[in-house]
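File shown: start.csv. Contents: CSV, C-alpha atoms.
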```
chain,number,residue,atom,x,y,z
A,25,MET,CA,64.2,242.9,-117.3
A,26,ASN,CA,67.8,241.9,-118.2
A,27,ALA,CA,68.8,238.4,-119.3
A,28,ASP,CA,70.1,237.4,-115.8
A,29,ALA,CA,66.9,238.5,-114.1
A,30,ALA,CA,64.8,236.8,-116.8
A,31,LEU,CA,66.7,233.5,-116.3
A,32,ALA,CA,66.3,233.8,-112.5
A,33,GLU,CA,62.6,234.3,-112.8
A,34,ARG,CA,62.3,231.4,-115.2
A,35,ASN,CA,64.2,229.2,-112.7
A,36,ARG,CA,62.1,230.4,-109.9
A,37,LYS,CA,58.9,229.4,-111.7
A,38,ILE,CA,60.3,226.0,-112.7
A,39,LEU,CA,61.3,225.4,-109.1
A,40,ILE,CA,57.9,226.3,-107.7
A,41,GLY,CA,56.2,224.2,-110.4
A,42,PHE,CA,58.2,221.1,-109.7
A,43,ASN,CA,57.6,221.5,-105.9
A,44,ASN,CA,53.9,222.1,-106.4
A,45,PHE,CA,53.7,218.9,-108.5
A,46,ALA,CA,55.7,217.1,-105.7
A,47,HIS,CA,53.1,218.1,-103.2
A,48,ALA,CA,50.4,216.5,-105.4
A,49,VAL,CA,52.6,213.4,-105.8
A,50,ASP,CA,53.3,213.2,-102.1
A,51,HIS,CA,49.6,213.0,-101.1
A,52,TYR,CA,48.7,210.8,-104.1
A,53,VAL,CA,51.2,208.1,-103.3
A,54,MET,CA,50.4,208.0,-99.6
A,55,LEU,CA,46.7,207.6,-100.4
A,56,ILE,CA,47.0,204.8,-103.0
A,57,PHE,CA,46.7,202.1,-100.4
A,58,PRO,CA,43.6,203.3,-98.5
A,59,THR,CA,41.6,203.0,-101.8
A,60,VAL,CA,43.4,199.8,-103.0
A,61,VAL,CA,42.5,198.1,-99.7
A,62,ILE,CA,38.8,198.2,-100.7
A,63,GLY,CA,39.7,196.1,-103.7
A,64,LEU,CA,41.9,193.8,-101.7
A,65,GLU,CA,39.0,192.9,-99.5
A,66,ALA,CA,37.3,191.2,-102.4
A,67,VAL,CA,40.5,189.7,-103.8
A,68,TYR,CA,41.8,188.1,-100.5
A,69,GLY,CA,38.6,187.9,-98.5
A,70,ARG,CA,40.1,189.7,-95.5
A,71,PRO,CA,38.3,192.3,-93.4
A,72,TYR,CA,38.9,196.1,-94.0
A,73,SER,CA,40.4,196.7,-90.5
A,74,GLU,CA,43.0,193.9,-90.9
A,75,LEU,CA,44.1,194.9,-94.4
A,76,LEU,CA,44.2,198.6,-93.6
A,77,ALA,CA,46.7,197.9,-90.7
A,78,LEU,CA,49.3,196.9,-93.4
A,79,GLY,CA,49.8,200.6,-94.0
A,80,THR,CA,50.4,201.6,-90.4
A,81,ALA,CA,54.2,201.5,-90.6
A,82,SER,CA,54.1,203.6,-93.8
A,83,PHE,CA,52.1,206.4,-92.1
A,84,PHE,CA,54.3,206.4,-89.0
A,85,ALA,CA,57.4,206.7,-91.3
A,86,PHE,CA,55.7,209.6,-93.1
A,87,GLY,CA,55.9,211.6,-89.9
A,88,LEU,CA,59.0,210.1,-88.2
A,89,PHE,CA,61.5,210.6,-91.1
A,90,SER,CA,60.5,214.2,-91.7
A,91,LEU,CA,62.8,215.2,-88.9
A,92,PRO,CA,66.0,213.9,-90.5
A,93,ALA,CA,64.8,215.1,-93.9
A,94,GLY,CA,64.5,218.7,-92.8
A,95,TRP,CA,67.9,218.6,-91.0
A,96,ILE,CA,69.7,217.0,-94.0
A,97,ALA,CA,68.1,219.5,-96.5
A,98,ASP,CA,69.3,222.5,-94.5
A,99,ARG,CA,72.8,221.0,-94.0
A,100,TRP,CA,73.3,219.5,-97.5
A,101,SER,CA,70.9,220.4,-100.3
A,102,ARG,CA,67.1,221.0,-100.6
A,103,ARG,CA,67.4,220.3,-104.3
A,104,TYR,CA,69.1,216.9,-104.0
A,105,MET,CA,66.6,215.9,-101.2
A,106,MET,CA,63.8,216.5,-103.6
A,107,VAL,CA,65.4,214.3,-106.2
A,108,VAL,CA,65.7,211.6,-103.6
A,109,PHE,CA,62.0,212.1,-102.8
A,110,TYR,CA,60.9,211.5,-106.4
A,111,ILE,CA,63.2,208.6,-107.1
A,112,GLY,CA,62.6,207.0,-103.7
A,113,CYS,CA,58.8,207.2,-104.1
A,114,GLY,CA,59.0,205.7,-107.6
A,115,LEU,CA,61.1,202.8,-106.5
A,116,SER,CA,58.9,202.1,-103.5
A,117,CYS,CA,55.7,202.2,-105.5
A,118,ALA,CA,57.3,199.8,-108.0
A,119,ALA,CA,58.3,197.4,-105.1
A,120,ALA,CA,54.7,197.5,-103.8
A,121,ALA,CA,53.4,196.7,-107.3
A,122,VAL,CA,55.5,193.5,-107.5
A,123,SER,CA,55.1,192.4,-103.9
A,124,PRO,CA,54.5,188.7,-103.7
A,125,ASN,CA,52.9,188.7,-100.2
A,126,PHE,CA,51.5,191.0,-97.5
A,127,VAL,CA,54.8,191.2,-95.6
A,128,THR,CA,56.7,192.5,-98.7
A,129,LEU,CA,53.8,194.8,-99.4
A,130,ALA,CA,54.0,196.3,-95.9
A,131,ILE,CA,57.8,196.8,-96.2
A,132,SER,CA,57.3,198.5,-99.5
A,133,LEU,CA,54.7,200.8,-98.1
A,134,PHE,CA,57.0,201.6,-95.2
A,135,ALA,CA,59.8,202.6,-97.6
A,136,LEU,CA,57.2,204.7,-99.5
A,137,GLY,CA,56.4,206.5,-96.2
A,138,VAL,CA,60.2,207.1,-95.6
A,139,PHE,CA,60.7,208.8,-99.0
A,140,ALA,CA,57.3,210.6,-99.0
A,141,SER,CA,58.3,212.2,-95.6
A,142,ILE,CA,60.8,214.3,-97.4
A,143,TYR,CA,58.4,216.6,-99.2
A,144,HIS,CA,56.7,218.6,-96.5
A,145,PRO,CA,59.7,219.9,-94.5
A,146,VAL,CA,61.9,220.4,-97.7
A,147,GLY,CA,59.4,221.2,-100.4
A,148,THR,CA,57.4,223.7,-98.3
A,149,ALA,CA,60.6,225.5,-97.3
A,150,ILE,CA,61.6,225.7,-101.0
A,151,VAL,CA,58.2,227.1,-102.0
A,152,VAL,CA,58.2,229.7,-99.1
A,153,ALA,CA,61.7,230.9,-100.0
A,154,ALA,CA,61.0,231.2,-103.7
A,155,ALA,CA,57.6,232.9,-103.3
A,156,VAL,CA,57.1,236.5,-104.3
A,157,ASN,CA,53.5,236.6,-102.9
A,158,ARG,CA,53.7,234.1,-100.0
A,159,GLY,CA,50.0,233.8,-99.4
A,160,ARG,CA,49.0,233.1,-103.0
A,161,THR,CA,51.9,230.8,-103.6
A,162,LEU,CA,51.2,228.7,-100.5
A,163,ALA,CA,47.5,228.6,-101.4
A,164,LEU,CA,48.3,227.3,-104.9
A,165,ASN,CA,50.8,224.8,-103.3
A,166,GLY,CA,48.0,223.7,-100.9
A,167,VAL,CA,45.6,223.2,-103.9
A,168,CYS,CA,48.2,221.0,-105.6
A,169,GLY,CA,48.4,218.8,-102.5
A,170,ASN,CA,44.7,218.6,-102.3
A,171,VAL,CA,44.4,217.7,-106.0
A,172,GLY,CA,46.9,214.9,-105.3
A,173,VAL,CA,44.6,213.6,-102.6
A,174,ALA,CA,41.6,213.9,-104.8
A,175,LEU,CA,43.1,212.2,-107.8
A,176,ALA,CA,44.5,209.4,-105.6
A,177,ALA,CA,41.0,208.0,-104.8
A,178,GLY,CA,39.6,208.3,-108.4
A,179,ILE,CA,42.6,207.2,-110.4
A,180,THR,CA,43.5,204.4,-108.0
A,181,ALA,CA,40.0,203.1,-108.1
A,182,GLY,CA,40.0,203.2,-111.9
A,183,LEU,CA,43.4,201.6,-112.2
A,184,THR,CA,42.5,198.9,-109.7
A,185,TYR,CA,39.3,198.1,-111.6
A,186,TRP,CA,40.9,198.1,-115.1
A,187,ILE,CA,44.4,196.6,-114.6
A,188,GLY,CA,44.4,195.4,-111.0
A,189,TRP,CA,45.7,196.7,-107.7
A,190,ARG,CA,49.4,196.2,-108.8
A,191,GLY,CA,48.9,198.6,-111.7
A,192,ALA,CA,47.6,201.2,-109.3
A,193,PHE,CA,51.1,201.3,-107.8
A,194,LEU,CA,53.1,200.8,-111.0
A,195,VAL,CA,51.7,203.8,-113.0
A,196,PRO,CA,52.7,206.4,-110.4
A,197,ALA,CA,56.0,204.7,-110.0
A,198,VAL,CA,56.9,205.5,-113.6
A,199,VAL,CA,55.7,209.1,-113.2
A,200,CYS,CA,57.8,209.6,-110.1
A,201,LEU,CA,61.0,208.2,-111.6
A,202,ALA,CA,60.6,210.3,-114.8
A,203,THR,CA,60.0,213.5,-112.8
A,204,GLY,CA,62.9,212.8,-110.5
A,205,VAL,CA,65.3,212.7,-113.5
A,206,ALA,CA,63.7,215.9,-114.9
A,207,TYR,CA,64.1,217.7,-111.6
A,208,LEU,CA,67.8,216.8,-111.5
A,209,VAL,CA,68.3,218.1,-115.0
A,210,MET,CA,66.2,221.3,-114.9
A,211,VAL,CA,66.6,222.7,-111.3
A,212,PRO,CA,69.9,224.4,-110.6
A,213,ASP,CA,72.1,223.3,-107.7
A,214,ASP,CA,71.3,225.3,-104.5
A,215,ARG,CA,74.2,224.4,-102.2
A,216,ALA,CA,75.9,227.8,-102.8
A,217,GLN,CA,72.7,229.6,-101.5
A,218,LYS,CA,72.9,228.3,-97.9
A,219,ALA,CA,75.0,231.2,-96.7
A,220,GLY,CA,72.7,233.8,-98.0
A,221,ARG,CA,69.5,232.5,-96.3
A,222,SER,CA,68.0,235.0,-93.8
A,223,ALA,CA,68.4,234.3,-90.1
A,224,ALA,CA,65.7,236.8,-89.1
A,225,PRO,CA,61.9,236.0,-89.1
A,226,ASP,CA,59.3,238.3,-90.5
A,227,VAL,CA,57.9,239.0,-87.0
A,228,ARG,CA,60.1,238.3,-84.0
A,229,LEU,CA,58.3,236.9,-80.9
A,230,SER,CA,59.6,237.2,-77.3
A,231,THR,CA,61.1,234.1,-75.8
A,232,VAL,CA,58.1,233.5,-73.5
A,233,ILE,CA,55.6,234.0,-76.3
A,234,MET,CA,57.6,231.8,-78.7
A,235,LEU,CA,57.8,228.9,-76.2
A,236,THR,CA,54.1,229.2,-75.4
A,237,VAL,CA,53.2,229.3,-79.1
A,238,PHE,CA,55.5,226.3,-79.7
A,239,ALA,CA,53.6,224.4,-77.0
A,240,MET,CA,50.3,225.3,-78.6
A,241,PHE,CA,51.7,224.1,-82.0
A,242,ILE,CA,52.3,220.7,-80.4
A,243,LEU,CA,48.6,220.6,-79.6
A,244,ILE,CA,47.7,221.9,-83.0
A,245,GLY,CA,50.0,219.5,-84.9
A,246,THR,CA,48.7,216.5,-83.0
A,247,THR,CA,45.0,217.3,-83.4
A,248,ALA,CA,45.5,218.5,-87.0
A,249,GLY,CA,47.3,215.3,-87.9
A,250,LEU,CA,44.6,213.1,-86.4
A,251,VAL,CA,41.7,215.0,-88.1
A,252,PHE,CA,43.4,215.4,-91.4
A,253,ASN,CA,44.5,211.8,-91.7
A,254,THR,CA,41.4,210.2,-90.2
A,255,VAL,CA,39.1,211.9,-92.6
A,256,THR,CA,41.3,211.6,-95.8
A,257,ILE,CA,42.2,207.9,-95.1
A,258,ALA,CA,38.7,206.9,-94.1
A,259,LEU,CA,36.8,208.9,-96.7
A,260,PRO,CA,36.6,206.2,-99.5
A,261,LYS,CA,35.3,203.6,-97.1
A,262,LEU,CA,33.0,206.1,-95.4
A,263,VAL,CA,31.4,206.9,-98.8
A,264,ASP,CA,31.2,203.2,-99.6
A,265,GLU,CA,29.3,202.5,-96.4
A,266,ARG,CA,27.1,205.5,-95.7
A,267,VAL,CA,26.0,207.0,-99.0
A,268,GLY,CA,23.1,204.5,-99.1
A,269,SER,CA,22.8,202.4,-102.2
A,270,SER,CA,25.3,199.8,-103.2
A,271,ILE,CA,27.9,201.5,-105.5
A,272,SER,CA,30.9,200.3,-107.4
A,273,LEU,CA,34.6,200.9,-106.4
A,274,VAL,CA,34.9,203.2,-109.4
A,275,ALA,CA,31.9,205.2,-108.2
A,276,VAL,CA,33.4,205.4,-104.7
A,277,GLY,CA,36.6,206.7,-106.1
A,278,GLY,CA,34.9,209.3,-108.3
A,279,ILE,CA,32.7,210.6,-105.4
A,280,SER,CA,35.8,210.8,-103.2
A,281,THR,CA,37.7,212.7,-105.8
A,282,ALA,CA,34.8,215.2,-106.2
A,283,ILE,CA,34.7,215.8,-102.4
A,284,PHE,CA,38.5,216.3,-102.2
A,285,LEU,CA,38.3,218.7,-105.2
A,286,CYS,CA,35.9,220.9,-103.2
A,287,GLY,CA,38.7,221.5,-100.8
A,288,ALA,CA,41.1,222.3,-103.7
A,289,ILE,CA,38.7,224.8,-105.2
A,290,ALA,CA,38.2,226.6,-101.9
A,291,GLN,CA,41.9,226.8,-101.3
A,292,PHE,CA,42.3,229.0,-104.4
A,293,THR,CA,40.7,231.8,-102.3
A,294,MET,CA,43.0,231.3,-99.3
A,295,GLY,CA,45.9,233.4,-100.7
A,296,ARG,CA,43.7,236.4,-101.1
A,297,VAL,CA,42.1,235.8,-97.7
A,298,LEU,CA,45.6,235.9,-96.1
A,299,GLU,CA,46.3,239.2,-98.0
A,300,ARG,CA,43.2,240.9,-96.5
A,301,TYR,CA,43.0,239.4,-93.0
A,302,GLN,CA,45.6,238.7,-90.4
A,303,ALA,CA,46.8,235.1,-90.6
A,304,HIS,CA,46.4,234.3,-86.9
A,305,PHE,CA,42.7,235.2,-87.0
A,306,VAL,CA,42.2,233.2,-90.2
A,307,PHE,CA,43.9,230.3,-88.5
A,308,ALA,CA,41.4,230.3,-85.6
A,309,PHE,CA,38.4,230.7,-87.9
A,310,THR,CA,39.4,227.7,-90.1
A,311,GLY,CA,39.9,225.6,-87.0
A,312,LEU,CA,36.3,226.4,-85.9
A,313,MET,CA,34.8,225.7,-89.3
A,314,GLN,CA,36.8,222.4,-89.4
A,315,PHE,CA,35.2,221.4,-86.1
A,316,ILE,CA,31.7,222.3,-87.3
A,317,GLY,CA,32.3,220.3,-90.5
A,318,VAL,CA,33.4,217.1,-88.7
A,319,VAL,CA,30.4,217.3,-86.3
A,320,TRP,CA,28.1,217.7,-89.4
A,321,VAL,CA,29.7,214.6,-90.9
A,322,CYS,CA,29.0,212.7,-87.7
A,323,TYR,CA,25.2,213.1,-88.1
A,324,ALA,CA,24.8,213.2,-91.9
A,325,THR,CA,23.8,210.2,-94.0
A,326,GLY,CA,22.9,209.5,-97.6
A,327,TYR,CA,23.5,212.4,-100.0
A,328,ALA,CA,23.6,215.0,-97.2
A,329,LEU,CA,26.8,213.2,-96.2
A,330,LEU,CA,28.5,214.4,-99.4
A,331,ALA,CA,27.7,218.0,-98.6
A,332,ALA,CA,29.0,217.6,-95.1
A,333,LEU,CA,32.2,216.0,-96.3
A,334,ALA,CA,32.8,218.7,-98.9
A,335,PHE,CA,32.3,221.4,-96.2
A,336,ALA,CA,34.7,219.6,-93.7
A,337,MET,CA,37.3,218.9,-96.4
A,338,THR,CA,37.3,222.6,-97.4
A,339,PHE,CA,38.5,223.7,-94.0
A,340,ILE,CA,40.6,220.6,-93.3
A,341,TYR,CA,42.8,221.7,-96.2
A,342,ALA,CA,42.4,225.4,-95.7
A,343,GLN,CA,44.0,225.0,-92.2
A,344,VAL,CA,47.1,223.3,-93.8
A,345,THR,CA,47.8,226.4,-95.9
A,346,VAL,CA,47.3,228.8,-93.1
A,347,ASN,CA,49.3,226.7,-90.7
A,348,ASP,CA,52.3,226.8,-93.1
A,349,PHE,CA,51.9,230.6,-93.6
A,350,VAL,CA,51.8,231.3,-89.8
A,351,ILE,CA,54.9,229.2,-89.2
A,352,ALA,CA,56.8,230.9,-92.1
A,353,ARG,CA,55.9,234.3,-90.5
A,354,TYR,CA,57.6,233.5,-87.2
A,355,THR,CA,60.6,231.5,-88.4
A,356,ALA,CA,63.8,232.5,-90.4
A,357,ASP,CA,64.6,231.0,-93.8
A,358,ALA,CA,67.9,229.7,-92.6
A,359,TRP,CA,66.3,227.1,-90.4
A,360,ARG,CA,62.8,226.9,-91.8
A,361,ALA,CA,63.1,223.4,-93.2
A,362,ARG,CA,64.0,222.1,-89.7
A,363,VAL,CA,61.0,223.9,-88.2
A,364,TYR,CA,58.7,222.5,-90.9
A,365,ALA,CA,60.3,219.1,-90.1
A,366,VAL,CA,59.1,219.3,-86.5
A,367,ARG,CA,55.7,220.5,-87.6
A,368,TYR,CA,55.2,217.7,-90.0
A,369,PHE,CA,56.9,215.2,-87.7
A,370,ILE,CA,54.1,215.8,-85.2
A,371,THR,CA,51.3,216.0,-87.8
A,372,TYR,CA,52.2,213.0,-89.9
A,373,LEU,CA,53.7,210.7,-87.2
A,374,ILE,CA,50.1,211.0,-85.9
A,375,SER,CA,48.9,209.6,-89.2
A,376,GLY,CA,50.2,206.2,-88.1
A,377,ALA,CA,48.0,206.6,-85.0
A,378,ALA,CA,45.1,207.7,-87.2
A,379,ILE,CA,45.2,204.6,-89.3
A,380,SER,CA,45.4,202.4,-86.2
A,381,MET,CA,42.6,204.4,-84.6
A,382,ILE,CA,40.3,204.0,-87.6
A,383,ALA,CA,40.9,200.2,-87.6
A,384,PHE,CA,40.4,199.9,-83.9
A,385,LEU,CA,37.3,202.1,-83.6
A,386,HIS,CA,35.7,200.9,-86.8
A,387,SER,CA,35.9,197.3,-85.7
A,388,ARG,CA,34.1,198.2,-82.4
A,389,GLY,CA,31.6,200.9,-83.3
A,390,GLY,CA,31.8,201.6,-87.1
A,391,PHE,CA,32.1,205.1,-88.4
A,392,ASP,CA,29.8,206.5,-85.8
A,393,LEU,CA,32.5,205.9,-83.2
A,394,VAL,CA,35.3,206.9,-85.5
A,395,LEU,CA,33.7,210.3,-86.4
A,396,THR,CA,32.6,211.0,-82.8
A,397,VAL,CA,36.2,210.6,-81.6
A,398,THR,CA,37.5,212.7,-84.5
A,399,ALA,CA,35.1,215.6,-83.6
A,400,VAL,CA,36.4,215.6,-80.0
A,401,ILE,CA,40.0,215.8,-81.4
A,402,ALA,CA,38.9,218.7,-83.8
A,403,LEU,CA,37.8,220.6,-80.7
A,404,GLY,CA,41.3,220.5,-79.4
A,405,PHE,CA,42.5,222.1,-82.6
A,406,VAL,CA,40.0,225.0,-82.1
A,407,ILE,CA,41.4,225.5,-78.6
A,408,GLY,CA,45.0,225.6,-79.9
A,409,THR,CA,44.5,228.0,-82.8
A,410,ALA,CA,42.4,230.3,-80.6
A,411,ALA,CA,45.2,230.4,-78.0
A,412,VAL,CA,47.8,231.2,-80.7
A,413,ALA,CA,45.7,234.0,-82.1
A,414,LEU,CA,45.4,235.6,-78.6
A,415,LEU,CA,49.2,235.1,-77.9
A,416,VAL,CA,50.5,236.8,-81.1
A,417,ASN,CA,47.8,239.4,-81.6
A,418,GLY,CA,49.6,242.1,-79.6
A,419,VAL,CA,52.9,241.4,-81.3
A,420,GLU,CA,51.2,241.6,-84.7
A,421,ARG,CA,49.4,244.8,-83.8
A,422,ASP,CA,52.7,246.4,-82.8
A,423,ALA,CA,54.5,245.2,-85.9
A,424,LYS,CA,51.7,246.6,-88.1
A,425,ALA,CA,52.0,250.0,-86.3
A,426,MET,CA,55.7,250.1,-86.9
A,427,GLN,CA,55.3,249.6,-90.7
A,428,PRO,CA,56.1,252.8,-92.7
A,429,ALA,CA,53.2,254.5,-94.4
A,430,GLU,CA,52.9,253.9,-98.1
```
Kindly return the structure encoded in the file as C-alpha cells.
Amino acid sequence: MNADAALAERNRKILIGFNNFAHAVDHYVMLIFPTVVIGLEAVYGRPYSELLALGTASFFAFGLFSLPAGWIADRWSRRYMMVVFYIGCGLSCAAAAVSPNFVTLAISLFALGVFASIYHPVGTAIVVAAAVNRGRTLALNGVCGNVGVALAAGITAGLTYWIGWRGAFLVPAVVCLATGVAYLVMVPDDRAQKAGRSAAPDVRLSTVIMLTVFAMFILIGTTAGLVFNTVTIALPKLVDERVGSSISLVAVGGISTAIFLCGAIAQFTMGRVLERYQAHFVFAFTGLMQFIGVVWVCYATGYALLAALAFAMTFIYAQVTVNDFVIARYTADAWRARVYAVRYFITYLISGAAISMIAFLHSRGGFDLVLTVTAVIALGFVIGTAAVALLVNGVERDAKAMQPAE
C-alpha cells in the first residue's frame, strides 16, 4: 500500500470512528431526559406524565428537522453538518443544565432535538459511503447507537444521584463540544467529493415497484418509530414499576443499561447475517421477532419482564440496521442523505407522538394499555416488511442471476 492509499484508509477509519461515536452520542443525549424525569418527580413533586410531556417538542424536532439536515448536507457539506451536530448538541445540553424553570428546560430540549436530528440522515450516509463491507459496518454503527441508548439510562441515573439532574446534562455537553472541535480538526473537507458520488443504486427497481416500496416504507417508518421510541423512552419507568420490589433510581438505570446492551451484543451478528442471507428476508424476520417480543413484554412481570425486554430490544435494534441496509441497496449515494432524511423524518417525528402516547395512555391504563397499543403497532411493521420482501424478491433474484460467476 502506497502512502496516499495508506492516508486514505486512515482517514476512512477516522471518519467512520467519529460517526460511530456520533451515533452513540445522538441516542444518548436524546434519552437523558426520560431517565432524569424520574428524579424530577421526587424533586418537584409532579406526576410522571406531566413532566415527561416537557420533552414532547424535543422528540418532534428530532424527526422534523432531519429533512432539512439531509438536504443541506447533500447540497453543502456532510462534514460541516456533523460539526454542527456535535457543537449544537453540546450547547443545548449546557442550556438544559442551567435552565432556571420548566419553560427554559423545554426550549433547551427542543434545541437539542433540532441538532440531534442531524445525525441519522447525514451520519448514516457518511458511514454507508465510507464502508468497505456495508453489512458489518452498518451493524457496528448500529451497535454504537445501541450502546448510546444503554449508557444513557445508567450514566444519567448515576449522575443524577451523585451530582444532581443538572450534572446529567452538563457532563455530556462538555464531551460533545470537545468532540466537535476534534471532528473539525481531524476529518478532511468533503465538499470536493460531491461531484464524484454515484447516481446509480446497487439494485434498480422499476417505477411501479419503487413507488409501492416507498408507500410500504411510510408504514414501516411510522410503526418502527412508534415501537422504537415507545419502548426505549418508557423502559426506565417500566422497569421501575413492574420489576417487583422497590429499587433505587441507580438500580433502574443499571438494569435498563443491561437490557439495552443485550440489543447491542446481538447487533454484532447482524453484519454477518446480512452477508449470508438476503436483506429483504432478514428485514421481514426481524419485524416478526420484534412483534413477538413486544407481546411477551405485555404479559411478563417481575424478573421474567427483564428477559422479555432483552428479547424485544434485540430485534427492535436489529431492524434499524437492516432498515438502513435495505434503503442503501435501492438508493444512490448522490442523494442518499436526502432519502435517509425522509426515512428518519417519519421514524423520529413519530417519537414526539410516542412520548405523548406514553403520557396519555399511562395516565389512563398504566403500562398494560401502553404495551397493548404498542403490540398492535408492531403488527403493522410486520405487514410492511413482509410486503417489501415480496415486492423486491423477484428483482433481487434477477439481480443475483445476472452476477458474473466467481
Within 12 Å of segment 365-368 of chain A, counting all atoms listed in the file, which residues show up once you throw out same-chain ones fewer than 3 positions away? Write them as an NGL selection string, please.
-> :A and (83-98 or 140-149 or 238-249 or 344 or 347-348 or 350-352 or 359-362 or 371-375)
Within 9 Å of segment 271-288 of chain A using all atoms listed in the file, minus same-chain residues under 2 positions, as JSON, numbers by chain | {"A": [59, 62, 63, 164, 166, 167, 168, 169, 170, 171, 173, 174, 175, 176, 177, 178, 179, 180, 181, 182, 184, 185, 256, 259, 260, 261, 263, 264, 267, 268, 269, 290, 291, 292, 330, 331, 333, 334, 335, 336, 337, 338, 339, 340, 341, 342]}
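Nearest to Leu201 of chain A of all the residues A:Leu115, A:Ala378, A:Ala29, A:Ala308 is A:Leu115, based on all atoms listed in the file.
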Of the candidates A:Tyr364, A:Phe309, A:Tyr110, A:Tyr52, which one gets nearest to Val205 of chain A if we count all atoms listed in the file?
-> A:Tyr110
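Computed from the coordinates, the atom CA of Ile257 of chain A to atom CA of Leu298 of chain A distance equals 28.2 Å.
In this model, the gap between atom CA of Val107 of chain A and atom CA of Gly204 of chain A comes to 5.2 Å.
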Judged by all atoms listed in the file, the minimum distance to Leu133 of chain A among A:Cys117, A:Ile233, A:Ala202, A:Leu75 is found for A:Cys117
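Going from atom CA of Thr80 of chain A to atom CA of Val363 of chain A covers 24.8 Å.
Shortest separation to Gly326 of chain A among A:Leu385, A:Leu262, A:Val237, A:Val297 occurs at residue A:Leu262, atoms counted being all atoms listed in the file.
Neighbours of Ala411 of chain A closer than or equal to 10 Å, with all atoms listed in the file counted and sequence neighbours fewer than 2 positions away skipped, come out as Thr236, Val237, Met240, Phe241, His304, Ala308, Phe405, Val406, Ile407, Gly408, Thr409, Ala413, Leu414, Leu415 and Val416 of chain A.
Proximity of A:Phe384, A:Leu76, A:Ile379, A:Tyr207 to Asn35 of chain A, computed with only C-alpha atoms, is greatest for A:Tyr207.
Proximity of A:Ala30, A:Ala399, A:Val198, A:Leu250 to Ser380 of chain A, computed with only C-alpha atoms, is greatest for A:Leu250.
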Written coordinates, N, CA, C and O atoms of segment 171-182 of chain A as a tab-separated table (two decimals), in the first residue's frame:
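Result went into out_5.tsv, see below:
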```tsv
chain	number	residue	atom	x	y	z
A	171	VAL	N	-25.41	1.22	22.15
A	171	VAL	CA	-24.60	1.48	23.36
A	171	VAL	C	-24.92	2.86	23.92
A	171	VAL	O	-24.99	3.05	25.14
A	172	GLY	N	-25.14	3.83	23.02
A	172	GLY	CA	-25.53	5.16	23.47
A	172	GLY	C	-26.83	5.14	24.25
A	172	GLY	O	-26.97	5.79	25.30
A	173	VAL	N	-27.80	4.38	23.72
A	173	VAL	CA	-29.08	4.23	24.43
A	173	VAL	C	-28.85	3.58	25.79
A	173	VAL	O	-29.39	4.01	26.81
A	174	ALA	N	-28.06	2.51	25.79
A	174	ALA	CA	-27.82	1.77	27.02
A	174	ALA	C	-27.13	2.63	28.08
A	174	ALA	O	-27.53	2.65	29.25
A	175	LEU	N	-26.09	3.34	27.66
A	175	LEU	CA	-25.35	4.15	28.62
A	175	LEU	C	-26.15	5.34	29.12
A	175	LEU	O	-25.94	5.81	30.24
A	176	ALA	N	-27.09	5.82	28.32
A	176	ALA	CA	-27.89	6.98	28.72
A	176	ALA	C	-28.63	6.71	30.02
A	176	ALA	O	-28.64	7.54	30.94
A	177	ALA	N	-29.25	5.54	30.11
A	177	ALA	CA	-30.03	5.22	31.31
A	177	ALA	C	-29.13	5.08	32.54
A	177	ALA	O	-29.38	5.69	33.58
A	178	GLY	N	-28.05	4.29	32.40
A	178	GLY	CA	-27.19	4.04	33.55
A	178	GLY	C	-26.40	5.26	34.00
A	178	GLY	O	-26.38	5.60	35.18
A	179	ILE	N	-25.72	5.92	33.04
A	179	ILE	CA	-24.89	7.07	33.40
A	179	ILE	C	-25.74	8.23	33.87
A	179	ILE	O	-25.40	8.91	34.86
A	180	THR	N	-26.87	8.48	33.21
A	180	THR	CA	-27.74	9.57	33.63
A	180	THR	C	-28.26	9.34	35.04
A	180	THR	O	-28.31	10.27	35.86
A	181	ALA	N	-28.68	8.11	35.33
A	181	ALA	CA	-29.15	7.79	36.67
A	181	ALA	C	-28.06	8.03	37.71
A	181	ALA	O	-28.30	8.61	38.78
A	182	GLY	N	-26.83	7.58	37.40
A	182	GLY	CA	-25.72	7.78	38.32
A	182	GLY	C	-25.38	9.24	38.52
A	182	GLY	O	-25.18	9.71	39.67
```
